[in-house]
Every structure is written in structure tokens, then in C-alpha cells.
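Trainee: Just target34.pdb, nothing more (PDB, C-alpha atoms):
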MODEL        1
ATOM      1  CA  MET H1371     -17.983 -12.544  22.483
ATOM      2  CA  GLU H1372     -18.532  -9.195  20.798
ATOM      3  CA  THR H1373     -15.026  -8.924  19.311
ATOM      4  CA  PRO H1374     -14.327 -11.715  16.766
ATOM      5  CA  ALA H1375     -11.756 -14.345  17.679
ATOM      6  CA  GLY H1376      -9.736 -13.135  14.698
ATOM      7  CA  ALA H1377      -9.740  -9.474  13.647
ATOM      8  CA  GLU H1378      -7.803  -7.516  11.019
ATOM      9  CA  VAL H1379      -7.319  -3.757  10.865
ATOM     10  CA  GLU H1380      -5.291  -1.458   8.621
ATOM     11  CA  ALA H1381      -3.202   1.341  10.132
ATOM     12  CA  ASP H1382      -4.725   4.656   9.048
ATOM     13  CA  VAL H1383      -2.285   6.891  10.945
ATOM     14  CA  ALA H1384       1.494   6.673  10.603
ATOM     15  CA  ARG H1385       3.724   6.334  13.670
ATOM     16  CA  GLU H1386       0.831   5.685  16.052
ATOM     17  CA  ARG H1387       1.475   3.314  18.955
ATOM     18  CA  LEU H1388       0.249  -0.196  18.211
ATOM     19  CA  ASP H1389      -1.827  -0.498  21.399
ATOM     20  CA  ARG H1390      -3.440   2.917  20.830
ATOM     21  CA  LEU H1391      -4.355   2.075  17.250
ATOM     22  CA  LEU H1392      -5.937  -1.213  18.268
ATOM     23  CA  ALA H1393      -7.796   0.384  21.179
ATOM     24  CA  ARG H1394      -9.233   2.945  18.755
ATOM     25  CA  ARG H1395     -10.214   0.369  16.138
ATOM     26  CA  LEU H1396     -11.329  -2.491  18.431
ATOM     27  CA  ALA H1397     -13.476  -0.659  20.945
ATOM     28  CA  ASP H1398     -14.804  -3.828  22.564
ATOM     29  CA  LEU H1399     -11.391  -4.585  24.051
ATOM     30  CA  SER H1400      -9.803  -2.383  26.685
ATOM     31  CA  ARG H1401      -6.342  -0.979  26.079
ATOM     32  CA  SER H1402      -4.952  -3.015  28.976
ATOM     33  CA  ARG H1403      -6.436  -6.183  27.462
ATOM     34  CA  LEU H1404      -4.938  -5.355  24.046
ATOM     35  CA  LYS H1405      -1.565  -4.681  25.613
ATOM     36  CA  ALA H1406      -1.706  -8.108  27.260
ATOM     37  CA  LEU H1407      -2.606  -9.730  23.924
ATOM     38  CA  ILE H1408       0.332  -7.997  22.226
ATOM     39  CA  GLU H1409       2.794  -9.030  24.925
ATOM     40  CA  ALA H1410       1.476 -12.608  24.757
ATOM     41  CA  GLY H1411       2.217 -12.769  21.004
ATOM     42  CA  HIS H1412      -1.370 -12.672  19.713
ATOM     43  CA  VAL H1413      -0.826  -9.666  17.404
ATOM     44  CA  ARG H1414       0.949  -9.819  14.036
ATOM     45  CA  ILE H1415       1.907  -7.193  11.453
ATOM     46  CA  GLY H1416       2.484  -8.523   7.957
ATOM     47  CA  GLY H1417       3.032 -12.013   9.329
ATOM     48  CA  ARG H1418       5.529 -10.825  11.954
ATOM     49  CA  THR H1419       4.590 -11.414  15.613
ATOM     50  CA  MET H1420       4.668  -8.219  17.664
ATOM     51  CA  THR H1421       5.277  -8.169  21.411
ATOM     52  CA  ASP H1422       5.940  -4.449  21.923
ATOM     53  CA  ALA H1423       2.753  -2.488  22.681
ATOM     54  CA  GLY H1424       4.626   0.750  21.988
ATOM     55  CA  HIS H1425       5.679  -0.273  18.451
ATOM     56  CA  ARG H1426       5.036   2.567  15.966
ATOM     57  CA  VAL H1427       2.971   1.408  13.015
ATOM     58  CA  ASN H1428       3.402   2.473   9.403
ATOM     59  CA  LEU H1429       0.533   3.809   7.329
ATOM     60  CA  GLY H1430      -1.163   0.897   5.603
ATOM     61  CA  ASP H1431       0.226  -1.801   7.917
ATOM     62  CA  ARG H1432      -2.172  -4.741   8.101
ATOM     63  CA  ILE H1433      -2.521  -5.900  11.665
ATOM     64  CA  SER H1434      -4.133  -9.173  12.683
ATOM     65  CA  VAL H1435      -5.285  -9.876  16.220
ATOM     66  CA  ALA H1436      -6.067 -13.346  17.551
ATOM     67  CA  VAL H1437      -8.356 -13.098  20.570
ATOM     68  CA  PRO H1438      -8.377 -16.358  22.548
ATOM     69  CA  GLU H1439     -11.663 -17.539  23.993
ATOM     70  CA  PRO H1440     -12.035 -16.324  27.591
ATOM     71  CA  GLU H1441     -10.620 -18.713  30.161
ATOM     72  CA  ASP H1442     -12.886 -20.252  32.726
ATOM     73  CA  PRO H1443     -12.972 -18.169  35.901
ATOM     74  CA  THR H1444     -11.141 -19.280  39.000
ATOM     75  CA  PRO H1445     -14.361 -18.793  41.018
ATOM     76  CA  THR H1446     -17.051 -21.237  39.965
ATOM     77  CA  GLY H1447     -20.674 -20.477  39.275
ATOM     78  CA  GLU H1448     -23.117 -21.173  42.092
ATOM     79  CA  ASP H1449     -26.891 -21.238  42.054
ATOM     80  CA  ILE H1450     -27.481 -18.310  44.408
ATOM     81  CA  PRO H1451     -30.759 -16.365  44.029
ATOM     82  CA  LEU H1452     -30.352 -12.866  42.632
ATOM     83  CA  VAL H1453     -32.719  -9.911  42.425
ATOM     84  CA  VAL H1454     -31.976  -8.607  38.924
ATOM     85  CA  VAL H1455     -33.166  -5.025  38.422
ATOM     86  CA  PHE H1456     -31.833  -4.622  34.872
ATOM     87  CA  GLU H1457     -29.765  -6.689  32.466
ATOM     88  CA  ASP H1458     -28.580  -6.503  28.868
ATOM     89  CA  GLU H1459     -25.563  -7.770  26.936
ATOM     90  CA  HIS H1460     -23.324  -5.078  28.466
ATOM     91  CA  LEU H1461     -24.141  -5.003  32.173
ATOM     92  CA  ILE H1462     -26.340  -6.220  34.987
ATOM     93  CA  VAL H1463     -27.797  -4.279  37.932
ATOM     94  CA  VAL H1464     -28.653  -6.311  41.024
ATOM     95  CA  ASP H1465     -30.267  -5.501  44.356
ATOM     96  CA  LYS H1466     -27.815  -7.175  46.748
ATOM     97  CA  PRO H1467     -29.198  -8.586  49.994
ATOM     98  CA  ALA H1468     -27.407  -8.035  53.273
ATOM     99  CA  GLY H1469     -25.039 -10.870  54.142
ATOM    100  CA  LEU H1470     -23.824 -11.500  50.584
ATOM    101  CA  VAL H1471     -20.108 -10.851  49.990
ATOM    102  CA  VAL H1472     -19.432  -9.219  46.620
ATOM    103  CA  HIS H1473     -16.110 -10.808  45.630
ATOM    104  CA  PRO H1474     -14.313 -14.020  46.657
ATOM    105  CA  GLY H1475     -11.479 -13.463  49.085
ATOM    106  CA  ALA H1476      -9.883 -14.705  52.279
ATOM    107  CA  GLY H1477     -12.551 -16.505  54.281
ATOM    108  CA  ASN H1478     -15.142 -16.119  51.497
ATOM    109  CA  TRP H1479     -14.024 -18.140  48.486
ATOM    110  CA  THR H1480     -17.540 -19.340  47.704
ATOM    111  CA  GLY H1481     -21.089 -18.092  48.144
ATOM    112  CA  THR H1482     -20.351 -14.604  46.797
ATOM    113  CA  LEU H1483     -22.093 -12.314  44.334
ATOM    114  CA  VAL H1484     -19.400 -13.113  41.761
ATOM    115  CA  ASN H1485     -20.140 -16.836  42.085
ATOM    116  CA  ALA H1486     -23.843 -16.095  41.617
ATOM    117  CA  LEU H1487     -23.223 -13.897  38.563
ATOM    118  CA  ILE H1488     -20.993 -16.467  36.851
ATOM    119  CA  ALA H1489     -23.842 -18.978  37.085
ATOM    120  CA  HIS H1490     -26.565 -16.488  36.170
ATOM    121  CA  CYS H1491     -24.831 -14.838  33.211
ATOM    122  CA  GLY H1492     -23.150 -17.919  31.754
ATOM    123  CA  ASP H1493     -21.889 -17.383  28.207
ATOM    124  CA  THR H1494     -23.153 -13.781  28.113
ATOM    125  CA  LEU H1495     -19.974 -12.867  30.006
ATOM    126  CA  SER H1496     -17.562 -12.043  27.175
ATOM    127  CA  GLY H1497     -14.660 -11.826  29.559
ATOM    128  CA  ILE H1498     -12.880  -9.159  31.592
ATOM    129  CA  GLY H1499      -9.156  -9.178  30.904
ATOM    130  CA  GLY H1500      -9.457 -12.484  29.044
ATOM    131  CA  VAL H1501     -11.278 -14.315  31.841
ATOM    132  CA  ARG H1502     -14.981 -15.119  31.657
ATOM    133  CA  ARG H1503     -15.980 -13.288  34.823
ATOM    134  CA  PRO H1504     -18.118 -10.311  35.824
ATOM    135  CA  GLY H1505     -16.393  -6.932  36.036
ATOM    136  CA  ILE H1506     -16.788  -5.462  39.514
ATOM    137  CA  VAL H1507     -16.559  -1.651  39.309
ATOM    138  CA  HIS H1508     -17.777  -0.821  42.829
ATOM    139  CA  ARG H1509     -18.621  -2.781  45.940
ATOM    140  CA  LEU H1510     -20.947  -2.860  48.905
ATOM    141  CA  ASP H1511     -19.946  -4.147  52.324
ATOM    142  CA  LYS H1512     -21.172  -7.659  53.092
ATOM    143  CA  ASP H1513     -23.832  -6.339  55.482
ATOM    144  CA  THR H1514     -24.913  -3.380  53.348
ATOM    145  CA  SER H1515     -27.890  -4.042  51.091
ATOM    146  CA  GLY H1516     -28.843  -2.367  47.834
ATOM    147  CA  LEU H1517     -28.023  -1.576  44.232
ATOM    148  CA  LEU H1518     -24.843  -2.563  42.452
ATOM    149  CA  VAL H1519     -23.901  -2.504  38.737
ATOM    150  CA  VAL H1520     -21.553  -5.107  37.232
ATOM    151  CA  ALA H1521     -19.996  -5.130  33.750
ATOM    152  CA  LYS H1522     -20.291  -8.127  31.425
ATOM    153  CA  THR H1523     -17.731  -7.004  28.810
ATOM    154  CA  ASP H1524     -14.289  -5.419  28.756
ATOM    155  CA  ARG H1525     -15.680  -2.316  27.068
ATOM    156  CA  ALA H1526     -18.458  -1.864  29.631
ATOM    157  CA  HIS H1527     -16.010  -2.471  32.467
ATOM    158  CA  ALA H1528     -13.641   0.243  31.216
ATOM    159  CA  ALA H1529     -16.451   2.771  30.672
ATOM    160  CA  LEU H1530     -18.146   2.159  34.018
ATOM    161  CA  SER H1531     -14.822   2.178  35.881
ATOM    162  CA  ALA H1532     -14.043   5.580  34.358
ATOM    163  CA  GLN H1533     -17.386   6.947  35.572
ATOM    164  CA  PHE H1534     -16.823   5.707  39.110
ATOM    165  CA  ALA H1535     -13.273   7.099  39.102
ATOM    166  CA  ASP H1536     -14.697  10.470  37.995
ATOM    167  CA  HIS H1537     -17.154  10.393  40.948
ATOM    168  CA  GLY H1538     -19.899  12.003  38.879
ATOM    169  CA  ARG H1539     -18.055  15.287  38.346
ATOM    170  CA  THR H1540     -18.635  15.242  34.572
ATOM    171  CA  GLY H1541     -21.394  12.658  34.156
ATOM    172  CA  PRO H1542     -24.641  11.357  35.627
ATOM    173  CA  LEU H1543     -23.101   8.951  38.168
ATOM    174  CA  GLU H1544     -25.260   9.035  41.297
ATOM    175  CA  ARG H1545     -25.042   6.996  44.491
ATOM    176  CA  ALA H1546     -27.325   7.626  47.448
ATOM    177  CA  TYR H1547     -27.754   5.569  50.593
ATOM    178  CA  VAL H1548     -30.426   5.547  53.290
ATOM    179  CA  ALA H1549     -29.158   4.991  56.836
ATOM    180  CA  LEU H1550     -30.368   5.083  60.417
ATOM    181  CA  ALA H1551     -28.000   6.930  62.736
ATOM    182  CA  TRP H1552     -27.820   7.586  66.458
ATOM    183  CA  GLY H1553     -28.834  11.111  67.482
ATOM    184  CA  THR H1554     -29.953  14.012  65.364
ATOM    185  CA  PRO H1555     -27.360  16.152  63.582
ATOM    186  CA  ALA H1556     -27.380  19.869  64.431
ATOM    187  CA  ARG H1557     -27.959  20.746  60.782
ATOM    188  CA  ALA H1558     -30.503  19.221  58.427
ATOM    189  CA  SER H1559     -27.889  19.128  55.657
ATOM    190  CA  PHE H1560     -24.129  18.937  56.055
ATOM    191  CA  THR H1561     -21.001  17.592  54.391
ATOM    192  CA  VAL H1562     -18.282  15.436  55.901
ATOM    193  CA  ASP H1563     -14.973  16.132  54.173
ATOM    194  CA  ALA H1564     -12.410  13.912  55.894
ATOM    195  CA  PRO H1565      -9.624  11.758  54.355
ATOM    196  CA  LEU H1566      -9.777   8.013  55.009
ATOM    197  CA  ASP H1567      -7.031   5.435  55.450
ATOM    198  CA  ARG H1568      -6.451   2.104  57.145
ATOM    199  CA  ASP H1569      -6.496   2.311  60.929
ATOM    200  CA  PRO H1570      -2.854   1.698  61.972
ATOM    201  CA  HIS H1571      -4.045  -0.086  65.116
ATOM    202  CA  ALA H1572      -6.674  -2.314  63.459
ATOM    203  CA  ARG H1573      -6.080  -3.133  59.805
ATOM    204  CA  GLU H1574      -9.644  -4.329  59.240
ATOM    205  CA  LYS H1575     -10.916  -0.860  60.111
ATOM    206  CA  ILE H1576     -10.853   2.480  58.296
ATOM    207  CA  ALA H1577     -10.115   5.732  60.109
ATOM    208  CA  VAL H1578     -10.055   9.461  59.433
ATOM    209  CA  ARG H1579      -6.375  10.264  58.903
ATOM    210  CA  THR H1580      -4.601  13.217  57.339
ATOM    211  CA  SER H1581      -2.514  10.739  55.321
ATOM    212  CA  GLY H1582      -5.640   9.187  53.832
ATOM    213  CA  ARG H1583      -7.419   9.486  50.501
ATOM    214  CA  HIS H1584      -9.766  12.367  49.808
ATOM    215  CA  ALA H1585     -13.336  11.447  50.864
ATOM    216  CA  ILE H1586     -16.562  13.490  50.864
ATOM    217  CA  THR H1587     -20.065  12.499  51.984
ATOM    218  CA  HIS H1588     -23.110  14.781  51.708
ATOM    219  CA  VAL H1589     -25.766  14.110  54.356
ATOM    220  CA  ASN H1590     -29.438  15.120  54.548
ATOM    221  CA  VAL H1591     -31.656  14.358  57.539
ATOM    222  CA  GLU H1592     -34.935  12.877  56.298
ATOM    223  CA  ASP H1593     -36.698  12.016  59.571
ATOM    224  CA  THR H1594     -36.183  11.710  63.324
ATOM    225  CA  PHE H1595     -37.568   9.189  65.809
ATOM    226  CA  THR H1596     -37.988   8.726  69.571
ATOM    227  CA  GLY H1597     -37.422  12.370  70.431
ATOM    228  CA  GLY H1598     -34.297  12.666  68.322
ATOM    229  CA  LEU H1599     -32.593   9.531  69.628
ATOM    230  CA  VAL H1600     -32.459   8.176  66.061
ATOM    231  CA  SER H1601     -32.462   9.919  62.685
ATOM    232  CA  GLN H1602     -32.963   8.668  59.161
ATOM    233  CA  VAL H1603     -30.417  10.199  56.811
ATOM    234  CA  ARG H1604     -29.710  10.103  53.097
ATOM    235  CA  CYS H1605     -26.012  10.049  52.247
ATOM    236  CA  ARG H1606     -24.758  10.983  48.807
ATOM    237  CA  LEU H1607     -21.247   9.900  47.941
ATOM    238  CA  GLU H1608     -18.931  12.311  46.173
ATOM    239  CA  THR H1609     -16.155   9.729  46.530
ATOM    240  CA  GLY H1610     -16.358   6.000  47.109
ATOM    241  CA  ARG H1611     -13.949   4.782  49.778
ATOM    242  CA  THR H1612     -14.125   1.603  51.848
ATOM    243  CA  HIS H1613     -16.609   2.007  54.750
ATOM    244  CA  GLN H1614     -16.911   5.700  53.827
ATOM    245  CA  ILE H1615     -20.432   6.402  55.101
ATOM    246  CA  ARG H1616     -19.966   4.345  58.249
ATOM    247  CA  VAL H1617     -16.721   6.094  59.178
ATOM    248  CA  HIS H1618     -17.889   9.590  58.201
ATOM    249  CA  MET H1619     -21.131   9.304  60.182
ATOM    250  CA  ALA H1620     -19.207   8.063  63.238
ATOM    251  CA  HIS H1621     -16.715  10.896  62.766
ATOM    252  CA  ALA H1622     -19.648  13.335  62.758
ATOM    253  CA  GLY H1623     -20.818  11.882  66.081
ATOM    254  CA  HIS H1624     -23.712   9.890  64.611
ATOM    255  CA  PRO H1625     -22.669   6.283  63.987
ATOM    256  CA  LEU H1626     -25.102   3.951  62.272
ATOM    257  CA  LEU H1627     -27.430   1.740  64.255
ATOM    258  CA  GLY H1628     -26.174  -1.829  64.370
ATOM    259  CA  ASP H1629     -22.606  -0.918  63.384
ATOM    260  CA  GLU H1630     -20.470  -3.016  65.716
ATOM    261  CA  THR H1631     -17.245  -1.775  64.139
ATOM    262  CA  TYR H1632     -17.679   1.999  64.311
ATOM    263  CA  GLY H1633     -20.565   2.452  66.748
ATOM    264  CA  ARG H1634     -19.721   0.265  69.734
ATOM    265  CA  GLY H1635     -19.670   3.234  72.095
ATOM    266  CA  PHE H1636     -23.359   3.818  71.365
ATOM    267  CA  ARG H1637     -24.554   0.338  72.343
ATOM    268  CA  THR H1638     -26.124   1.596  75.579
ATOM    269  CA  LYS H1639     -28.424   3.895  73.611
ATOM    270  CA  ALA H1640     -30.340   0.830  72.449
ATOM    271  CA  GLY H1641     -31.658   0.518  75.998
ATOM    272  CA  LYS H1642     -33.488   3.820  75.529
ATOM    273  CA  LEU H1643     -35.490   2.445  72.631
ATOM    274  CA  GLY H1644     -38.930   0.969  73.153
ATOM    275  CA  GLU H1645     -39.173  -2.829  73.264
ATOM    276  CA  PRO H1646     -40.427  -3.220  69.646
ATOM    277  CA  ALA H1647     -37.594  -1.051  68.318
ATOM    278  CA  ARG H1648     -34.989  -2.893  70.429
ATOM    279  CA  ALA H1649     -36.264  -6.210  69.102
ATOM    280  CA  ALA H1650     -36.191  -4.923  65.511
ATOM    281  CA  LEU H1651     -32.627  -3.644  65.963
ATOM    282  CA  ASP H1652     -31.525  -7.003  67.389
ATOM    283  CA  ALA H1653     -33.190  -8.761  64.465
ATOM    284  CA  LEU H1654     -31.407  -6.459  62.011
ATOM    285  CA  GLY H1655     -28.013  -7.751  63.119
ATOM    286  CA  ARG H1656     -26.095  -5.419  60.814
ATOM    287  CA  GLN H1657     -25.382  -1.764  60.119
ATOM    288  CA  ALA H1658     -28.543   0.108  59.115
ATOM    289  CA  LEU H1659     -27.338   1.067  55.641
ATOM    290  CA  HIS H1660     -28.970   0.556  52.241
ATOM    291  CA  ALA H1661     -27.791   1.606  48.752
ATOM    292  CA  ALA H1662     -31.102   3.091  47.609
ATOM    293  CA  VAL H1663     -30.212   4.994  44.419
ATOM    294  CA  LEU H1664     -27.794   4.205  41.611
ATOM    295  CA  GLY H1665     -27.430   6.223  38.419
ATOM    296  CA  PHE H1666     -24.892   6.128  35.584
ATOM    297  CA  ALA H1667     -24.482   6.536  31.833
ATOM    298  CA  HIS H1668     -24.963   3.309  29.919
ATOM    299  CA  PRO H1669     -21.472   2.333  28.690
ATOM    300  CA  ALA H1670     -22.637   1.513  25.157
ATOM    301  CA  THR H1671     -25.554   3.894  24.455
ATOM    302  CA  GLY H1672     -24.714   6.819  26.730
ATOM    303  CA  GLU H1673     -28.297   6.783  28.021
ATOM    304  CA  THR H1674     -28.706   7.910  31.630
ATOM    305  CA  MET H1675     -29.819   4.938  33.714
ATOM    306  CA  ARG H1676     -31.273   5.497  37.195
ATOM    307  CA  PHE H1677     -32.541   2.877  39.625
ATOM    308  CA  GLU H1678     -34.142   3.045  43.065
ATOM    309  CA  SER H1679     -34.472   0.299  45.652
ATOM    310  CA  PRO H1680     -36.953   0.412  48.558
ATOM    311  CA  LEU H1681     -35.795  -0.432  52.063
ATOM    312  CA  PRO H1682     -35.455  -4.198  52.536
ATOM    313  CA  ALA H1683     -37.779  -5.919  55.001
ATOM    314  CA  ASP H1684     -35.383  -5.843  57.971
ATOM    315  CA  LEU H1685     -34.722  -2.106  57.728
ATOM    316  CA  ALA H1686     -38.362  -1.320  56.962
ATOM    317  CA  ALA H1687     -39.391  -3.237  60.088
ATOM    318  CA  LEU H1688     -36.929  -1.217  62.188
ATOM    319  CA  VAL H1689     -38.218   2.082  60.789
ATOM    320  CA  ALA H1690     -41.824   1.011  61.476
ATOM    321  CA  ALA H1691     -40.945   0.083  65.068
ATOM    322  CA  LEU H1692     -39.162   3.425  65.576
ATOM    323  CA  ARG H1693     -42.231   5.285  64.366
ATOM    324  CA  LEU H1694     -44.319   3.570  67.045
ATOM    325  CA  ALA H1695     -41.891   4.443  69.844
TER
ENDMDL
END
Mind converting the file's structure to C-alpha cells?

Mentor:
Amino acid sequence: METPAGAEVEADVARERLDRLLARRLADLSRSRLKALIEAGHVRIGGRTMTDAGHRVNLGDRISVAVPEPEDPTPTGEDIPLVVVFEDEHLIVVDKPAGLVVHPGAGNWTGTLVNALIAHCGDTLSGIGGVRRPGIVHRLDKDTSGLLVVAKTDRAHAALSAQFADHGRTGPLERAYVALAWGTPARASFTVDAPLDRDPHAREKIAVRTSGRHAITHVNVEDTFTGGLVSQVRCRLETGRTHQIRVHMAHAGHPLLGDETYGRGFRTKAGKLGEPARAALDALGRQALHAAVLGFAHPATGETMRFESPLPADLAALVAALRLA
């Protein structure tokens, strides 16, 4: 663990909040984690236990912090193969295969990316919020393949989360996806600006709704196949909402190939494909969506990191079959 199990600091500013002082002096722990430590009685001033995160310190106060060892995670580590693109003591970037759920949840308590990361990272996980687990800062749908960054420390988790919340407005955060969509858009480049919320008639689905959260997707057409029946597009996220690309492309009239949730009305178009392309689409068995580019500022060094992932075999086979049609 980067932060020592026992740390002492001296207040250098009078009347500063206790949690703010500690967050400034112990950068490896997030403010929320420090607040939890204070409230749990792990912080003392001059031998007196403090439980109020808003306590105003006096200049020269000596503050001791006891940081318990991270608890074992509720999910257990599992030996699941991972494609690791980059890893250091702060974070790990993986190329997630289609079919792998990111986080344990209802119906998927085991066999997830989190289970795989707990086993792979072991003791290099210093703990997120006091639990030895990977810090998930963004997700990919189970059947979407591609690049995903995960934090290994509280500090990295806080910094990466801030970048994703900022959506790249003031930093180098970059997320681009390659997709295959039905039809050819009227414009080679366009933007879908449509708020997203839960579908009131089907809670597992997302829908464009005026009551929803702001969502923007920038789309560029990269190629067309079979006389315009299918197009390859690159989607750049300005926001990151659940199912955003899938819903926005369907809203634009061009749902993704293989998307049984948002593209059911386009099933009959598969019959217009040549036999090799139909077979490749059947073999795909998922939405034709791949997280191809991921960029961000390294949470510790500030260095701009940028990664690219080629199309996985199933999508590459579909593209090759479409080219022959």
C-alpha cells in the first residue's frame, strides 16, 4: 500500500477542515476515504480521537492517521485470461473480449472482469475505499469488446474518475468506437445530441427522453458495404451514458448490426446480405461494437496515454465477408 499504515502530519494552516488538510497532505487517499477513516475513529489529534471530518484544526496540531489494511473483496479472484495492454502500480488497461461482464451483479456474481483483475493484480491492489479491489471508472457492455482502464489505488481512481466525469473537455480523455450499422447515413459526419434515460416500459433498456441525462455522440462514416446496406462508423463519445452509442445510432435510424435490443426492426435486412456475410453476422452473435481507442492523462505522472485496439476476430471476419458481398 502506498500510504503507510500509520501516518503523522502537522497542521500548517489554521482553521482548515480536518478532511481537507488530510486530503492535501496524504494524496494517496481520496477525500471520501479519509472522511470514512475519520468517522470510523482512525484519526487522532494530540491523542484525542476525532470523528468529525469538518473539525477545524489549529496551527501546529499533530494529527495521526491509522490506515487499516484493505479488507478482502467480496468478489473473489478467478483465473480468467486477460489481454493486458498496459500495467503499472497505478492502473491497468485491458482489451476486454465480448461476453465478459465488467462488474459482479445480479445474475453475474462470478466470471467477471473484476474477478479476473482481483486474481491478476493480487497484492498490487492497494484498495479502493478500504477494500482490496479494482476501481472501475467506466464500463463496457457485456457484448461490447475493447479497451478499458481500471484503477489500482484510491488516488488513481479519484483522478481517472474526474477525467471521465469531465468528458475530455479540459484534458486528453478520448474514447472512440468502431461499429457496423444498418444503412448509410445521409452525412459522412454528424452528431447525435439526445438525452438518455431508462425506458419507462422496459427497465433494462435505455431510451431517448427529454427527462434524461445530456448525451452526445459524434459519428463519422468510414466505409460502406453491399451498396450502402451496411456502413462502418467511428463513434466518439462526448459523454458516457449506458448503451449510448447503441441507442443514439438507432435513434438516427442506423441501429448496429447484431443488436437484438435496439435493432430488432432491422432483422429482415440480414436476408439481403450475401451468404458469407449472413453467416458471419450469425456467428458474431452480438452488437457490432468495439472500443477501439482509449486516451487519458496518467493519474500519477500526467503523461498522455493513448491506446488502440484492432477489431477482434469476429468483427474482422464480418467486415471481410461484407467486403466480398

Trainee: What does the distance between atom CA of H:Gly1516 and atom CA of H:Val1484 come to in Å, to one decimal place?

Mentor: 15.5 Å

Trainee: Could you list, with a cut-off of 10 Å and counting all atoms listed in the file, the residues of stretch 1614-1674 of chain H near stretch 1584-1597 of chain H, each shown with its nearest atom pair and the distance in Å rounded to one decimal, rows sorted by chain and ascending number, as CSV?

Mentor:
residue,atom,partner,partner_atom,distance
H:Gln1614,CA,H:Ala1585,CA,7.4
H:Ile1615,CA,H:Thr1587,CA,6.9
H:His1618,CA,H:Thr1587,CA,7.2
H:Met1619,CA,H:Val1589,CA,8.9
H:Lys1642,CA,H:Thr1596,CA,8.9
H:Leu1643,CA,H:Thr1596,CA,7.4
H:Gly1644,CA,H:Thr1596,CA,8.6
H:Ala1647,CA,H:Thr1596,CA,9.9

Trainee: For stretch 1458-1469 of chain H, find every residue with an atom within 6 Å (counting all atoms listed in the file), except residues of its own chain fewer than 3 positions away, and show them as a PyMOL selection string.

Mentor: chain H and resi 1453-1455+1512-1523+1526

Trainee: Give as a PyMOL selection string the residues that the PyMOL selection byres ((chain H and resi 1555) around 9) matches when applied to the coordinates above.

Mentor: chain H and resi 1553-1554+1556-1560+1591+1601+1622-1624

Trainee: Using the file's own x, y and z axes, what box holds all listed atoms of stretch 1657-1671 of chain H with 6 Å on each side, keeping edges along x, y and z, and what are its centre and edge lengths in Å to one decimal, as AutoDock Vina command-line options?

Mentor:
--center_x -26.3 --center_y 2.4 --center_z 42.3 --size_x 21.6 --size_y 20.3 --size_z 47.7

Trainee: Using only C-alpha atoms, find all polymer residues with an atom at most 10 Å away from the point (-15.5, 6.4, 47.6); report them as a list in words.

Mentor: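 So the residues meeting the distance criterion are His1508, Arg1509, Phe1534, Ala1535, His1537, Leu1566, Arg1583, His1584, Ala1585, Ile1586, Thr1587, Leu1607, Glu1608, Thr1609, Gly1610, Arg1611, Thr1612, His1613, Gln1614 and Ile1615 of chain H.
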
Trainee: List the residues matched by the PyMOL selection byres ((chain H and resi 1667) around 9) in the displayed structure as a count of residues only, ordered by chain and then by residue number.

Mentor: 17

Trainee: I'd like the interatomic distance between atom CA of H:Ala1549 and atom CA of H:Ala1683, to a tenth of an Å.

Mentor: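 Answer for the atom CA of H:Ala1549 to atom CA of H:Ala1683 separation: 14.0 Å.
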
Trainee: Which is closest to H:Ala1577 among H:Thr1540, H:Thr1631, H:Gln1602, H:Ser1400, if we use all atoms listed in the file?

Mentor: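 Ranking H:Thr1540, H:Thr1631, H:Gln1602, H:Ser1400 by distance to H:Ala1577, first place goes to H:Thr1631.
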
Trainee: Within 8 Å of (-41.3, -4.3, 64.8) (coordinates as in the file), grab all the protein and nucleic acid residues, counting all atoms listed in the file, and write them out as a list in words.

Mentor: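 Looking at atoms near the point gives Pro1646, Ala1647, Ala1649, Ala1650, Ala1687, Leu1688, Ala1690 and Ala1691 of chain H.
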
Trainee: Using only C-alpha atoms, can you tell me which of H:Arg1693, H:Asp1569, H:Ile1576, H:Ala1564 comes closest to H:Val1600?

Mentor: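 Comparing H:Arg1693, H:Asp1569, H:Ile1576, H:Ala1564 against H:Val1600, the winner is H:Arg1693.
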
Trainee: To test your reading of the syntax: which residues would the PyMOL selection byres ((chain H and resi 1410) around 12) return for the file shown? Reply as a list of chain:residue names.

Mentor: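 With the PyMOL selection byres ((chain H and resi 1410) around 12) on this model, the match is H:Arg1403, H:Leu1404, H:Lys1405, H:Ala1406, H:Leu1407, H:Ile1408, H:Glu1409, H:Gly1411, H:His1412, H:Val1413, H:Arg1414, H:Thr1419, H:Met1420, H:Thr1421, H:Asp1422, H:Ala1423, H:Val1435, H:Ala1436, H:Val1437, H:Pro1438, H:Gly1500.
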
Trainee: Please determine, counting all atoms listed in the file, which residue among H:His1571, H:Trp1552, H:Arg1637, H:Ala1695 has the shortest atom-to-atom distance to H:Pro1625.

Mentor: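 Once distances to H:Pro1625 are computed over all atoms listed in the file, the minimum belongs to H:Trp1552.
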
Trainee: I'd like to know which of H:Asn1428, H:Gln1657, H:Ser1531, H:Ser1434 is closest to H:Ile1506, using all atoms listed in the file.

Mentor: H:Ser1531

Trainee: Can you put N, CA and C atoms back into stretch 1392-1402 of chain H and show it as a short mmCIF file (atom, residue, chain, number, x, y, z; two decimals), in the coordinates of the input?

Mentor:
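To be explicit, this is the file written out as out20.cif:
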data_model
loop_
_atom_site.label_atom_id
_atom_site.label_comp_id
_atom_site.auth_asym_id
_atom_site.auth_seq_id
_atom_site.Cartn_x
_atom_site.Cartn_y
_atom_site.Cartn_z
N LEU H 1392 -5.00 -0.11 18.07
CA LEU H 1392 -5.94 -1.21 18.27
C LEU H 1392 -7.06 -0.83 19.21
N ALA H 1393 -6.76 -0.05 20.25
CA ALA H 1393 -7.80 0.38 21.18
C ALA H 1393 -8.81 1.27 20.47
N ARG H 1394 -8.34 2.06 19.50
CA ARG H 1394 -9.23 2.94 18.76
C ARG H 1394 -10.08 2.16 17.77
N ARG H 1395 -9.52 1.11 17.18
CA ARG H 1395 -10.21 0.37 16.14
C ARG H 1395 -11.01 -0.82 16.67
N LEU H 1396 -10.63 -1.35 17.83
CA LEU H 1396 -11.33 -2.49 18.43
C LEU H 1396 -11.88 -2.06 19.78
N ALA H 1397 -12.96 -1.31 19.74
CA ALA H 1397 -13.48 -0.66 20.94
C ALA H 1397 -14.00 -1.63 21.99
N ASP H 1398 -14.26 -2.88 21.60
CA ASP H 1398 -14.80 -3.83 22.56
C ASP H 1398 -13.73 -4.41 23.48
N LEU H 1399 -12.48 -4.12 23.20
CA LEU H 1399 -11.39 -4.58 24.05
C LEU H 1399 -10.71 -3.38 24.69
N SER H 1400 -10.46 -3.48 25.99
CA SER H 1400 -9.80 -2.38 26.68
C SER H 1400 -8.34 -2.31 26.25
N ARG H 1401 -7.74 -1.14 26.48
CA ARG H 1401 -6.34 -0.98 26.08
C ARG H 1401 -5.44 -1.92 26.88
N SER H 1402 -5.76 -2.12 28.16
CA SER H 1402 -4.95 -3.02 28.98
C SER H 1402 -5.05 -4.45 28.47
#
